[in-house]
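Okay, upload_31.cif now, which holds mmCIF, C-alpha atoms:
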data_data
loop_
_atom_site.group_PDB
_atom_site.id
_atom_site.type_symbol
_atom_site.label_atom_id
_atom_site.label_comp_id
_atom_site.auth_asym_id
_atom_site.auth_seq_id
_atom_site.Cartn_x
_atom_site.Cartn_y
_atom_site.Cartn_z
ATOM 1 C CA MET A 1 87.339 80.715 19.685
ATOM 2 C CA ILE A 2 84.767 80.637 22.456
ATOM 3 C CA TRP A 3 86.473 77.621 23.955
ATOM 4 C CA ASN A 4 89.832 79.458 24.012
ATOM 5 C CA THR A 5 88.282 82.430 25.812
ATOM 6 C CA HIS A 6 86.793 80.120 28.425
ATOM 7 C CA VAL A 7 90.152 78.474 29.050
ATOM 8 C CA ALA A 8 91.830 81.873 29.408
ATOM 9 C CA TYR A 9 89.370 82.876 32.145
ATOM 10 C CA ALA A 10 89.680 79.552 33.929
ATOM 11 C CA GLY A 11 93.446 79.991 34.166
ATOM 12 C CA MET A 12 93.401 83.549 35.535
ATOM 13 C CA ASN A 13 94.791 84.192 38.987
ATOM 14 C CA MET A 14 91.686 85.853 40.407
ATOM 15 C CA ALA A 15 91.126 86.939 43.985
ATOM 16 C CA GLU A 16 87.835 86.217 45.709
ATOM 17 C CA PRO A 17 85.544 89.257 45.790
ATOM 18 C CA PHE A 18 85.081 90.712 49.240
ATOM 19 C CA ASN A 19 82.165 89.581 51.390
ATOM 20 C CA THR A 20 79.945 92.607 50.825
ATOM 21 C CA THR A 21 76.703 91.587 52.539
ATOM 22 C CA ILE A 22 76.661 91.926 56.307
ATOM 23 C CA ILE A 23 73.695 90.224 57.992
ATOM 24 C CA LEU A 24 72.808 91.258 61.515
ATOM 25 C CA LYS A 25 70.550 89.159 63.762
ATOM 26 C CA ASN A 26 69.542 89.050 67.404
ATOM 27 C CA GLU A 27 71.990 90.840 69.679
ATOM 28 C CA ASP A 28 73.914 92.285 66.698
ATOM 29 C CA ALA A 29 70.692 93.862 65.406
ATOM 30 C CA ARG A 30 69.744 95.287 68.795
ATOM 31 C CA ARG A 31 73.153 96.912 69.294
ATOM 32 C CA PHE A 32 73.132 98.154 65.712
ATOM 33 C CA ARG A 33 69.828 99.963 66.351
ATOM 34 C CA GLU A 34 71.116 101.456 69.552
ATOM 35 C CA TYR A 35 74.182 102.775 67.754
ATOM 36 C CA ASP A 36 72.304 103.937 64.673
ATOM 37 C CA ASN A 37 69.884 105.928 66.830
ATOM 38 C CA ASN A 38 72.661 108.273 67.916
ATOM 39 C CA PRO A 39 76.072 107.418 66.437
ATOM 40 C CA TRP A 40 77.580 110.685 67.668
ATOM 41 C CA ASN A 41 77.522 109.275 71.196
ATOM 42 C CA HIS A 42 80.539 107.190 70.257
ATOM 43 C CA GLU A 43 82.630 109.999 68.797
ATOM 44 C CA ASN A 44 85.385 111.887 70.609
ATOM 45 C CA ASP A 45 87.788 114.767 69.929
ATOM 46 C CA ARG A 46 90.142 112.537 67.953
ATOM 47 C CA SER A 47 87.465 111.189 65.618
ATOM 48 C CA ARG A 48 85.856 114.595 65.183
ATOM 49 C CA ALA A 49 89.260 116.012 64.200
ATOM 50 C CA ALA A 50 89.697 113.164 61.689
ATOM 51 C CA ALA A 51 86.313 113.964 60.161
ATOM 52 C CA LYS A 52 87.316 117.620 59.789
ATOM 53 C CA ARG A 53 90.566 116.646 58.055
ATOM 54 C CA ALA A 54 88.690 114.266 55.774
ATOM 55 C CA GLN A 55 86.176 116.941 54.814
ATOM 56 C CA GLU A 56 89.074 119.130 53.649
ATOM 57 C CA LEU A 57 90.723 116.248 51.771
ATOM 58 C CA ALA A 58 87.407 115.375 50.136
ATOM 59 C CA LYS A 59 87.317 118.731 48.365
ATOM 60 C CA ALA A 60 90.499 117.904 46.458
ATOM 61 C CA ILE A 61 89.891 114.256 45.578
ATOM 62 C CA LYS A 62 89.302 113.739 41.878
ATOM 63 C CA PHE A 63 87.014 110.934 40.745
ATOM 64 C CA MET B 64 109.588 110.644 62.019
ATOM 65 C CA LYS B 65 105.981 111.223 60.922
ATOM 66 C CA ILE B 66 105.112 111.453 57.239
ATOM 67 C CA ASN B 67 104.218 115.005 56.223
ATOM 68 C CA PRO B 68 100.759 114.945 54.534
ATOM 69 C CA ALA B 69 102.001 117.581 52.093
ATOM 70 C CA GLU B 70 104.596 115.104 50.782
ATOM 71 C CA ILE B 71 102.132 112.403 49.717
ATOM 72 C CA ASP B 72 99.391 111.916 47.147
ATOM 73 C CA LEU B 73 96.431 109.572 46.883
ATOM 74 C CA VAL B 74 96.055 107.999 43.442
ATOM 75 C CA LEU B 75 93.888 105.293 41.956
ATOM 76 C CA LEU B 76 95.834 102.116 41.185
ATOM 77 C CA SER B 77 96.766 101.840 37.514
ATOM 78 C CA ASP B 78 99.195 100.057 35.228
ATOM 79 C CA SER B 79 101.744 102.805 35.825
ATOM 80 C CA ILE B 80 102.015 102.085 39.566
ATOM 81 C CA GLN B 81 104.865 99.731 40.505
ATOM 82 C CA VAL B 82 103.395 97.344 43.063
ATOM 83 C CA ASP B 83 106.156 94.724 43.026
ATOM 84 C CA HIS B 84 108.215 96.324 45.797
ATOM 85 C CA PHE B 85 105.333 96.742 48.251
ATOM 86 C CA CYS B 86 106.226 94.849 51.426
ATOM 87 C CA CYS B 87 103.725 94.021 54.155
ATOM 88 C CA ALA B 88 103.565 91.089 56.579
ATOM 89 C CA ASP B 89 101.294 90.888 59.604
ATOM 90 C CA ARG B 90 102.385 89.734 63.066
ATOM 91 C CA GLU B 91 101.838 86.087 62.134
ATOM 92 C CA GLY B 92 103.988 86.460 59.027
ATOM 93 C CA SER B 93 101.109 86.361 56.548
ATOM 94 C CA ILE B 94 101.718 88.402 53.404
ATOM 95 C CA ALA B 95 98.088 88.329 52.232
ATOM 96 C CA LEU B 96 97.880 92.127 52.121
ATOM 97 C CA GLN B 97 101.085 92.297 50.091
ATOM 98 C CA ASN B 98 99.894 89.568 47.726
ATOM 99 C CA PHE B 99 96.554 91.243 47.153
ATOM 100 C CA LEU B 100 98.225 94.429 45.947
ATOM 101 C CA THR B 101 100.899 92.715 43.889
ATOM 102 C CA HIS B 102 98.711 90.003 42.309
ATOM 103 C CA HIS B 103 94.999 90.773 42.516
ATOM 104 C CA ALA B 104 94.174 94.432 43.101
ATOM 105 C CA LEU B 105 94.468 95.695 39.536
ATOM 106 C CA ASP B 106 92.753 92.626 38.107
ATOM 107 C CA ASN B 107 89.859 93.008 40.544
ATOM 108 C CA GLN B 108 89.636 96.684 39.674
ATOM 109 C CA LYS B 109 89.366 95.952 35.959
ATOM 110 C CA LYS B 110 86.589 93.454 36.752
ATOM 111 C CA LYS B 111 84.765 96.086 38.861
ATOM 112 C CA LEU B 112 85.028 93.956 42.006
ATOM 113 C CA SER B 113 86.917 96.563 44.005
ATOM 114 C CA THR B 114 88.927 99.734 43.547
ATOM 115 C CA THR B 115 92.339 100.213 45.091
ATOM 116 C CA TRP B 116 93.755 103.582 46.086
ATOM 117 C CA VAL B 117 97.436 103.941 46.854
ATOM 118 C CA ILE B 118 99.451 106.502 48.771
ATOM 119 C CA VAL B 119 102.632 107.574 47.002
ATOM 120 C CA LYS B 120 105.322 110.058 47.894
ATOM 121 C CA LYS B 121 105.349 113.028 45.542
ATOM 122 C CA SER B 122 109.089 112.451 45.161
ATOM 123 C CA ASP B 123 108.490 108.821 44.097
ATOM 124 C CA PRO B 124 105.032 108.730 42.496
ATOM 125 C CA GLN B 125 105.248 105.194 41.044
ATOM 126 C CA ASN B 126 105.887 103.274 44.276
ATOM 127 C CA PRO B 127 103.011 102.887 46.770
ATOM 128 C CA ILE B 128 103.777 103.082 50.485
ATOM 129 C CA ALA B 129 100.216 102.277 51.630
ATOM 130 C CA TYR B 130 96.905 101.302 50.070
ATOM 131 C CA PHE B 131 93.270 100.503 50.657
ATOM 132 C CA SER B 132 90.649 98.715 48.558
ATOM 133 C CA LEU B 133 86.953 99.541 48.561
ATOM 134 C CA ALA B 134 83.740 97.868 47.384
ATOM 135 C CA CYS B 135 80.041 98.621 47.640
ATOM 136 C CA ALA B 136 78.337 96.636 50.402
ATOM 137 C CA SER B 137 75.181 96.466 52.473
ATOM 138 C CA ILE B 138 74.132 95.852 56.045
ATOM 139 C CA ASP B 139 70.996 93.699 56.270
ATOM 140 C CA VAL B 140 69.175 93.774 59.595
ATOM 141 C CA ASN B 141 67.350 90.460 59.507
ATOM 142 C CA ASP B 142 65.978 90.476 63.018
ATOM 143 C CA LEU B 143 63.823 93.521 63.556
ATOM 144 C CA ASP B 144 62.047 91.719 66.405
ATOM 145 C CA ALA B 145 65.215 92.186 68.406
ATOM 146 C CA VAL B 146 64.655 95.919 68.227
ATOM 147 C CA ASP B 147 62.609 97.814 70.736
ATOM 148 C CA LEU B 148 63.628 101.423 70.245
ATOM 149 C CA LYS B 149 60.744 103.864 70.017
ATOM 150 C CA GLY B 150 61.107 106.432 67.260
ATOM 151 C CA CYS B 151 63.953 104.573 65.560
ATOM 152 C CA PRO B 152 63.339 103.857 61.854
ATOM 153 C CA THR B 153 63.147 100.148 61.212
ATOM 154 C CA PHE B 154 64.831 99.867 57.840
ATOM 155 C CA GLU B 155 65.973 96.403 56.966
ATOM 156 C CA ARG B 156 68.828 97.355 54.698
ATOM 157 C CA PHE B 157 71.548 100.012 54.767
ATOM 158 C CA PRO B 158 73.892 100.896 51.897
ATOM 159 C CA ALA B 159 77.523 100.779 52.925
ATOM 160 C CA LEU B 160 81.112 100.972 51.749
ATOM 161 C CA LEU B 161 83.442 98.094 52.607
ATOM 162 C CA ILE B 162 87.132 98.577 53.345
ATOM 163 C CA GLY B 163 88.260 95.267 51.884
ATOM 164 C CA LYS B 164 91.997 95.826 52.387
ATOM 165 C CA PHE B 165 93.968 98.408 54.339
ATOM 166 C CA ALA B 166 97.750 98.203 54.551
ATOM 167 C CA VAL B 167 100.911 100.207 55.161
ATOM 168 C CA ASP B 168 104.296 99.098 53.807
ATOM 169 C CA ASP B 169 106.453 97.625 56.596
ATOM 170 C CA ARG B 170 109.168 100.201 55.956
ATOM 171 C CA TYR B 171 106.697 103.012 56.701
ATOM 172 C CA GLN B 172 105.147 101.707 59.909
ATOM 173 C CA LYS B 173 104.859 104.006 62.937
ATOM 174 C CA LYS B 174 104.964 107.156 60.818
ATOM 175 C CA GLY B 175 101.313 108.093 61.122
ATOM 176 C CA LEU B 176 100.452 106.641 57.716
ATOM 177 C CA GLY B 177 97.555 104.544 59.039
ATOM 178 C CA THR B 178 95.833 107.686 60.277
ATOM 179 C CA LEU B 179 96.514 109.487 56.991
ATOM 180 C CA LEU B 180 95.240 106.497 55.055
ATOM 181 C CA MET B 181 92.016 106.434 57.071
ATOM 182 C CA ASP B 182 91.617 110.191 56.527
ATOM 183 C CA TYR B 183 91.590 109.421 52.802
ATOM 184 C CA VAL B 184 89.093 106.560 53.266
ATOM 185 C CA TYR B 185 86.851 109.014 55.084
ATOM 186 C CA ALA B 186 87.364 111.642 52.376
ATOM 187 C CA ILE B 187 86.324 109.232 49.617
ATOM 188 C CA THR B 188 83.369 108.112 51.730
ATOM 189 C CA ILE B 189 82.276 111.720 52.200
ATOM 190 C CA ARG B 190 82.455 112.360 48.459
ATOM 191 C CA LEU B 191 80.736 109.086 47.617
ATOM 192 C CA SER B 192 77.926 109.684 50.101
ATOM 193 C CA GLY B 193 77.203 112.923 48.234
ATOM 194 C CA ILE B 194 76.721 110.945 45.012
ATOM 195 C CA THR B 195 74.988 107.776 46.191
ATOM 196 C CA GLY B 196 73.509 106.371 49.367
ATOM 197 C CA CYS B 197 76.231 105.270 51.739
ATOM 198 C CA ARG B 198 75.244 105.139 55.395
ATOM 199 C CA TYR B 199 77.937 102.863 56.811
ATOM 200 C CA LEU B 200 81.641 102.214 56.534
ATOM 201 C CA ILE B 201 82.434 98.545 57.217
ATOM 202 C CA VAL B 202 85.684 96.711 57.784
ATOM 203 C CA GLU B 203 86.650 93.110 58.491
ATOM 204 C CA SER B 204 89.792 93.379 60.561
ATOM 205 C CA LYS B 205 92.447 90.948 61.660
ATOM 206 C CA PRO B 206 92.149 90.528 65.455
ATOM 207 C CA THR B 207 95.604 92.072 65.854
ATOM 208 C CA SER B 208 94.463 95.254 64.078
ATOM 209 C CA THR B 209 91.109 95.915 65.749
ATOM 210 C CA TRP B 210 92.751 98.318 68.238
ATOM 211 C CA PHE B 211 93.393 100.684 65.325
ATOM 212 C CA TYR B 212 89.774 100.738 64.157
ATOM 213 C CA GLU B 213 88.257 100.802 67.653
ATOM 214 C CA ASP B 214 90.647 103.036 69.582
ATOM 215 C CA GLN B 215 92.009 105.265 66.841
ATOM 216 C CA CYS B 216 89.026 105.528 64.507
ATOM 217 C CA ASN B 217 85.973 104.904 66.741
ATOM 218 C CA PHE B 218 84.579 102.026 64.723
ATOM 219 C CA ILE B 219 82.033 99.878 66.559
ATOM 220 C CA ARG B 220 82.874 96.198 66.990
ATOM 221 C CA VAL B 221 80.042 93.896 65.868
ATOM 222 C CA ARG B 222 81.394 90.398 66.379
ATOM 223 C CA GLU B 223 84.085 87.913 65.501
ATOM 224 C CA LEU B 224 83.449 86.200 62.168
ATOM 225 C CA ASP B 225 84.100 82.631 61.099
ATOM 226 C CA GLY B 226 87.793 82.519 60.324
ATOM 227 C CA GLY B 227 88.728 84.865 63.141
ATOM 228 C CA ASN B 228 88.386 88.303 61.554
ATOM 229 C CA VAL B 229 86.401 90.939 63.432
ATOM 230 C CA LEU B 230 83.542 92.879 61.846
ATOM 231 C CA LEU B 231 83.351 96.595 62.664
ATOM 232 C CA TYR B 232 81.348 99.517 61.323
ATOM 233 C CA LYS B 233 81.015 103.278 61.530
ATOM 234 C CA ASN B 234 78.068 105.515 60.667
ATOM 235 C CA VAL B 235 78.983 107.885 57.820
ATOM 236 C CA LEU B 236 76.802 110.604 59.358
ATOM 237 C CA THR B 237 79.539 111.108 61.928
ATOM 238 C CA LEU B 238 81.878 112.130 59.096
ATOM 239 C CA THR B 239 79.547 114.470 57.290
ATOM 240 C CA VAL B 240 77.517 116.267 59.966
ATOM 241 C CA GLU B 241 79.215 118.520 62.493
#

Kindly return the structure encoded in the file as structure tokens.
Amino acid sequence: MIWNTHVAYAGMNMAEPFNTTIILKNEDARRFREYDNNPWNHENDRSRAAAKRAQELAKAIKF
Amino acid sequence: MKINPAEIDLVLLSDSIQVDHFCCADREGSIALQNFLTHHALDNQKKKLSTTWVIVKKSDPQNPIAYFSLACASIDVNDLDAVDLKGCPTFERFPALLIGKFAVDDRYQKKGLGTLLMDYVYAITIRLSGITGCRYLIVESKPTSTWFYEDQCNFIRVRELDGGNVLLYKNVLTLTVE
């Protein structure tokens, strides 16, 4: 029975999980810190409007 | 003609959603985004590897016209010596949410659905960040799609990854604090 279960898993058409760990070094880390210190510097009217819309949508999402 | 936001719904992928007719090929002809939804998304969701949210028209609630898949992630800053910013906290690790897939059906391109879809990604991120730590939104984009994340959504480009995709991120604080 255990053997059958193992075979069933081995034959499944399974996608790779996403790469969920992002490692930042050197120049990546420096720019990350610069951005993280004041991320609002990179926003504009379009992105601020999107955030407003999303805040409204968030109120109605059920999970 | 643009899609009217009032005519669509966001729903979590389930057995009742008909994914077989979803059609999406990138500029090089790859149908990886189509295949993920039709073959892997629900299976991955049941295994708790990712969740997939689909946009459906209220008039046709079984057939998705766009989707995105999300997973928990982290940003590890492994080179604090590279940092010389006074007053900046020097955390080594940041909780994040990864946009693993993001796609609009070919028959619904150029109707504003990408923007609507990202509004929903932001909305889920806002809700999630009220429940658990979630400082960053991350995406690995095809090179041909980075214009959308950079120019339309103000993501920050990090670098090109092995395999050609481009890593980008966005601080969730910009979504939640006015």

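Across the model, the gap from atom CA of B:Thr101 to atom CA of B:Ser113 is 14.5 Å.
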
Go ahead and compute the interatomic distance for atom CA of B:Leu236 and atom CA of B:Thr209, in Å to one decimal.
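Atom-to-atom, atom CA of B:Leu236 to atom CA of B:Thr209, that is 21.5 Å.
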
Compute the set of chain A residues within 7 Å of chain B, using only C-alpha atoms, and express it as a PyMOL selection string.
chain A and resi 14-15+17-18+20-26+28-30+33+37+39-40+42-43+47+50-51+53-55+57-58

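Across the model, the gap from atom CA of B:Cys86 to atom CA of B:Arg170 is 7.6 Å.
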
At a cut-off of 10 Å, using all atoms listed in the file, what residues contact B:Lys205? Leave out same-chain residues fewer than 6 positions from it and give the result as a list in words.
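Contacts, in chain order: Asp89, Glu223, Gly226, Gly227, Asn228, Val229 and Leu230 of chain B.
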
Given the file above and the PyMOL selection byres ((chain B and resi 126) around 10), which residues are selected, and can you give them as a short mmCIF file (atom, residue, chain, number, x, y, z; two decimals) with C-alpha atoms, in the frame of the given file?
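The file below, expr_1.cif, is the result:
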data_model
loop_
_atom_site.label_atom_id
_atom_site.label_comp_id
_atom_site.auth_asym_id
_atom_site.auth_seq_id
_atom_site.Cartn_x
_atom_site.Cartn_y
_atom_site.Cartn_z
CA SER B 79 101.74 102.80 35.83
CA ILE B 80 102.02 102.08 39.57
CA GLN B 81 104.86 99.73 40.51
CA VAL B 82 103.40 97.34 43.06
CA ASP B 83 106.16 94.72 43.03
CA HIS B 84 108.22 96.32 45.80
CA PHE B 85 105.33 96.74 48.25
CA VAL B 117 97.44 103.94 46.85
CA ILE B 118 99.45 106.50 48.77
CA VAL B 119 102.63 107.57 47.00
CA LYS B 120 105.32 110.06 47.89
CA LYS B 121 105.35 113.03 45.54
CA SER B 122 109.09 112.45 45.16
CA ASP B 123 108.49 108.82 44.10
CA PRO B 124 105.03 108.73 42.50
CA GLN B 125 105.25 105.19 41.04
CA PRO B 127 103.01 102.89 46.77
CA ILE B 128 103.78 103.08 50.48
CA ALA B 129 100.22 102.28 51.63
#

Could you tell me, as a list in words, exactly which residues end up selected when the PyMOL selection byres ((chain B and resi 66) around 9) is applied to this structure?
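Answer for the PyMOL selection byres ((chain B and resi 66) around 9): Met64, Lys65, Asn67, Pro68, Ala69, Glu70, Ile71, Tyr171, Lys174, Gly175, Leu176 and Leu179 of chain B.
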
Please evaluate the PyMOL selection byres ((chain B and resi 90) around 12) against the displayed coordinates and give the resulting residues as a short mmCIF file (atom, residue, chain, number, x, y, z; two decimals) with C-alpha atoms, in the coordinates of the input.
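Just written: selection21.cif:
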data_model
loop_
_atom_site.label_atom_id
_atom_site.label_comp_id
_atom_site.auth_asym_id
_atom_site.auth_seq_id
_atom_site.Cartn_x
_atom_site.Cartn_y
_atom_site.Cartn_z
CA CYS B 87 103.72 94.02 54.16
CA ALA B 88 103.56 91.09 56.58
CA ASP B 89 101.29 90.89 59.60
CA GLU B 91 101.84 86.09 62.13
CA GLY B 92 103.99 86.46 59.03
CA SER B 93 101.11 86.36 56.55
CA ILE B 94 101.72 88.40 53.40
CA ALA B 95 98.09 88.33 52.23
CA ASP B 169 106.45 97.62 56.60
CA LYS B 205 92.45 90.95 61.66
CA PRO B 206 92.15 90.53 65.46
CA THR B 207 95.60 92.07 65.85
CA SER B 208 94.46 95.25 64.08
#
